[in-house]
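Participant: Please find one structure pasted underneath; my questions will follow.
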Amino acid sequence: MAVFGRCFYVCLKSWMAMNSRCLQRWLGLFGQVEIKSSMLILPTILKCLLPAPDYNEYALKVFSGKAGSVGLSASAWMKPPPSVLKINTDAAVFRSVHGDLIKLRKFVEEDGASLSLPDANGYYALQWAALNNFPNIVQYIIEHGGDVNATDLSRQTALHWAAVRGSIVVADLLLQNGARVEASDANGYRAVHVAAQYGQTAFLNHIIAKYNADFDAPDNDGRSPLHWAAYKGFADTIRLLLFRDANQGRQDKEGCTPLHWAVLRGHVEACSILVHAGTKEELLVKDKAGFTPIQLAYDKGHRHVALLLSKLQRAHNKSLKGTFFTGKIVGSGYAPFLFCTIFCCMILFINSVLLAPSLAKVTAAVALWGWTAVTLCIFALIMFYRCSSKDPGYVKRSDNSGDLRKAQDPLLNLDMIDSSVWTGNWSQLCPTCKIIRPPRSKHCPTCKHCIEQFDHHCPWISNCVGKRNKWDFFVFLCLGTATSSISGVIAVLRIWTAVPAIPTSETWTHYVITHYYGVTVFLVINFLIFVSATTLAVAQTSQIARNITTNELANASRYSYLRGPDGKFRNPYNHGCKKNCGDFLIQGYTDDNEVPWLPLHAVAR
Ligand SMILES: [Zn+2]
Ligand SMILES: [Zn+2]
């Protein structure tokens, strides 16, 4: 059995070596990292699963009390001959892989196995303990002669391996015992690169904040951690790096920016974060093959990315044109246009419907309803002005001036500062405003601000709808619906009673259009306003009742806070229709208190 296992191990190892050479040739540029990761993980699996190497068999026999069966006496254990020493080292490495401190201690202290020597493959016990996140073993190895800066054949240190798993405690132990945070391997990867390649955002933040690791350092190919995070599509890691002002325009040896790499792999969210935080220049940078990110997206067939980038480029061009040619009107959205339309509509209603000389004198009931509609319209215009000009809930920078260290690095101890805001979600970092925002806030690229309880950016009011102006927006919609429905009904009634017997050759509609221009124009505009206001009012009512925003509904699959532990959609802010509506109508907004999960036994009942 052991012979068979050994043969299988040798075959698999040679297959891996062969494949890594082929893959490196065929996968090209990024083959290195894919192979690198498999080479890190595979030996672990092999060591755990296969009975092949001598040390496994040897160590297992020793620890199961069968030392005698391999022909060694107790005295031989105390002083192993030089040939056995290598085997002992491998056995110690083996114990580090499995986190077996008691047996490792026994093995080192009684058997004299060295922890400063590599195993048969050139790896150190410290590396395996770091990769498998065993802080107690790491501590033990460091105390018993393990070198924190020892490198394997690819010049990786234990810190590189800790970065793969994102073990912060292990990294602290290594760095506090003299490990070099900037140690680079044969590819020029430092711990920051490895953390970015594996999406270990918390680890990356920790070594940057606490040990001043250089997050913009290039590897041998000129790629920074931001290049790697973009290539792998780790949105949170990208947010962190941009938050820390990582250089977004850096080009590697191929002339590619991080955006090029995100586009190449078709990561829509990564591209979106990069372009919103960047400038127009990044969209126009060409790589050495002469491709801009947009051309690359079309070339690789990533339609969603291509559409996103084209839209943003158009927006950039438009905003430039707006500044030069049309001044403020285009820049401020359609609010002035809508305001004038509603106002003109109201004047038209008074002149052509209520006080029109061609129509009969209004009855008392019609006059009452008609002037009520006019009054509601005036209130609607006031609410329109309010929600359009009000602060929709801009997230302010937290004032850290009292503590210099915190002010220098707001991410140093995230769980300790701003605990009211920080919920451990990396999407709370805004790479553009450089603030830590409450969980339901989003950045609006048009307003260039983060908005609390961001609902949507409404071009018709030229403002965002958020926590502070949602009530005004909702009241405006309700008034709009009421005004347009009342005035519409009155206009139709007024014509219906005014039109005399129509000749058979003419239809009623044709007669009204040709004889009452003013009323016809009013009815058309009023109908459009009625449809839009009613649709929006119904949508908003349903969302208020569920305490969810338009943005959250549209992007539910992207937001982790809208998913329960079972991975299905769950809105943690839904306190029930009654409380949601009550809070909104009384306070003007709903609180962001999360509803706790019911205990499992309660769910089962
Ligand atoms: Zn922002
Ligand atoms: Zn906005």
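Ordered as shown in the structure tokens, chains take letters A, B, and onward, while each chain numbers its residues from 1 and ligands are numbered from 1 in the order shown.
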Given a cut-off of 10 Å, what residues near ligand 1 show up using only C-alpha atoms and all ligand atoms, put as a ChimeraX atom specification?
Facilitator: /A:276-277,394-396,428-437,441-445,447-451
Participant: Excluding Ala191 of chain A and any residue of its chain fewer than 2 positions from it, enumerate the residues within 7 Å of it, using only C-alpha atoms, and give them as an NGL selection string.
Facilitator: :A and (159-160 or 163 or 181 or 189 or 193-195)
Participant: Which is closer to ligand 2 than all the others in A:Trp460, A:Trp161, A:Phe134, A:Tyr211, using only C-alpha atoms and all ligand atoms?
Facilitator: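 For ligand 2, the nearest of the given residues is A:Trp460.
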Participant: Compare A:Ala209, A:Ile382, A:Leu259, A:Ile461 by their minimum atom-to-atom distance to ligand 2, counting only C-alpha atoms and all ligand atoms, and give me the closest one.
Facilitator: A:Ile461
Participant: So, counting only C-alpha atoms and all ligand atoms, which residue among A:Phe203, A:Trp422, A:Trp471, A:Phe454 is closest to ligand 2?
Facilitator: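 For ligand 2, the nearest of the candidates is A:Phe454.
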Participant: Which one is closest to Thr549 of chain A: A:Ser484, A:Gln197, A:Asn351, A:Asn571? Count only C-alpha atoms.
Facilitator: A:Asn571
Participant: One decimal, in Å: what's the spacing between atom CA of Ala306 of chain A and atom CA of Asp236 of chain A?
Facilitator: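 Those two atoms sit 21.8 Å apart.
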Participant: Quick one: residues within 8 Å of segment 525-531 of chain A, only C-alpha atoms, excluding same-chain residues fewer than 5 positions away - as a list in words?
Facilitator: Cys345, Gly480, Thr481, Ser484, Ser485 and Gly488 of chain A
Participant: Need to verify the contact set: Asn593 of chain A, 10 Å, only C-alpha atoms, exclusion of same-chain residues closer than 3 positions in sequence. Can you return it as a list in words?
Facilitator: Pro572, Tyr573, Asn574, His575, Thr590 and Pro596 of chain A
Participant: Would you write out those residues with C-alpha atoms, as a PDB file, in the first residue's frame?
Facilitator:
```
ATOM      1  CA  PRO A 572     -32.464  43.424   7.562  1.00  0.00           C
ATOM      2  CA  TYR A 573     -34.082  46.885   7.764  1.00  0.00           C
ATOM      3  CA  ASN A 574     -37.664  45.733   7.258  1.00  0.00           C
ATOM      4  CA  HIS A 575     -39.406  46.244  10.616  1.00  0.00           C
ATOM      5  CA  THR A 590     -36.479  55.309   8.731  1.00  0.00           C
ATOM      6  CA  PRO A 596     -31.778  40.486  14.341  1.00  0.00           C
TER       7      PRO A 596
END
```
Participant: Quick one: everything within 9 Å of segment 509-515 of chain A, counting only C-alpha atoms, minus sequence neighbours fewer than 4 positions away in the same chain. Send it as a PyMOL selection string.
Facilitator: chain A and resi 495+499+502+519-521
Participant: Calculate how many Å separate atom CA of Ser224 of chain A from atom CA of Phe243 of chain A, rounding to one decimal.
Facilitator: 15.0 Å
Participant: Rank nothing, just name the residue among A:Lys390, A:Arg190, A:His456, A:Lys578 nearest to ligand 2, using only C-alpha atoms and all ligand atoms.
Facilitator: A:His456
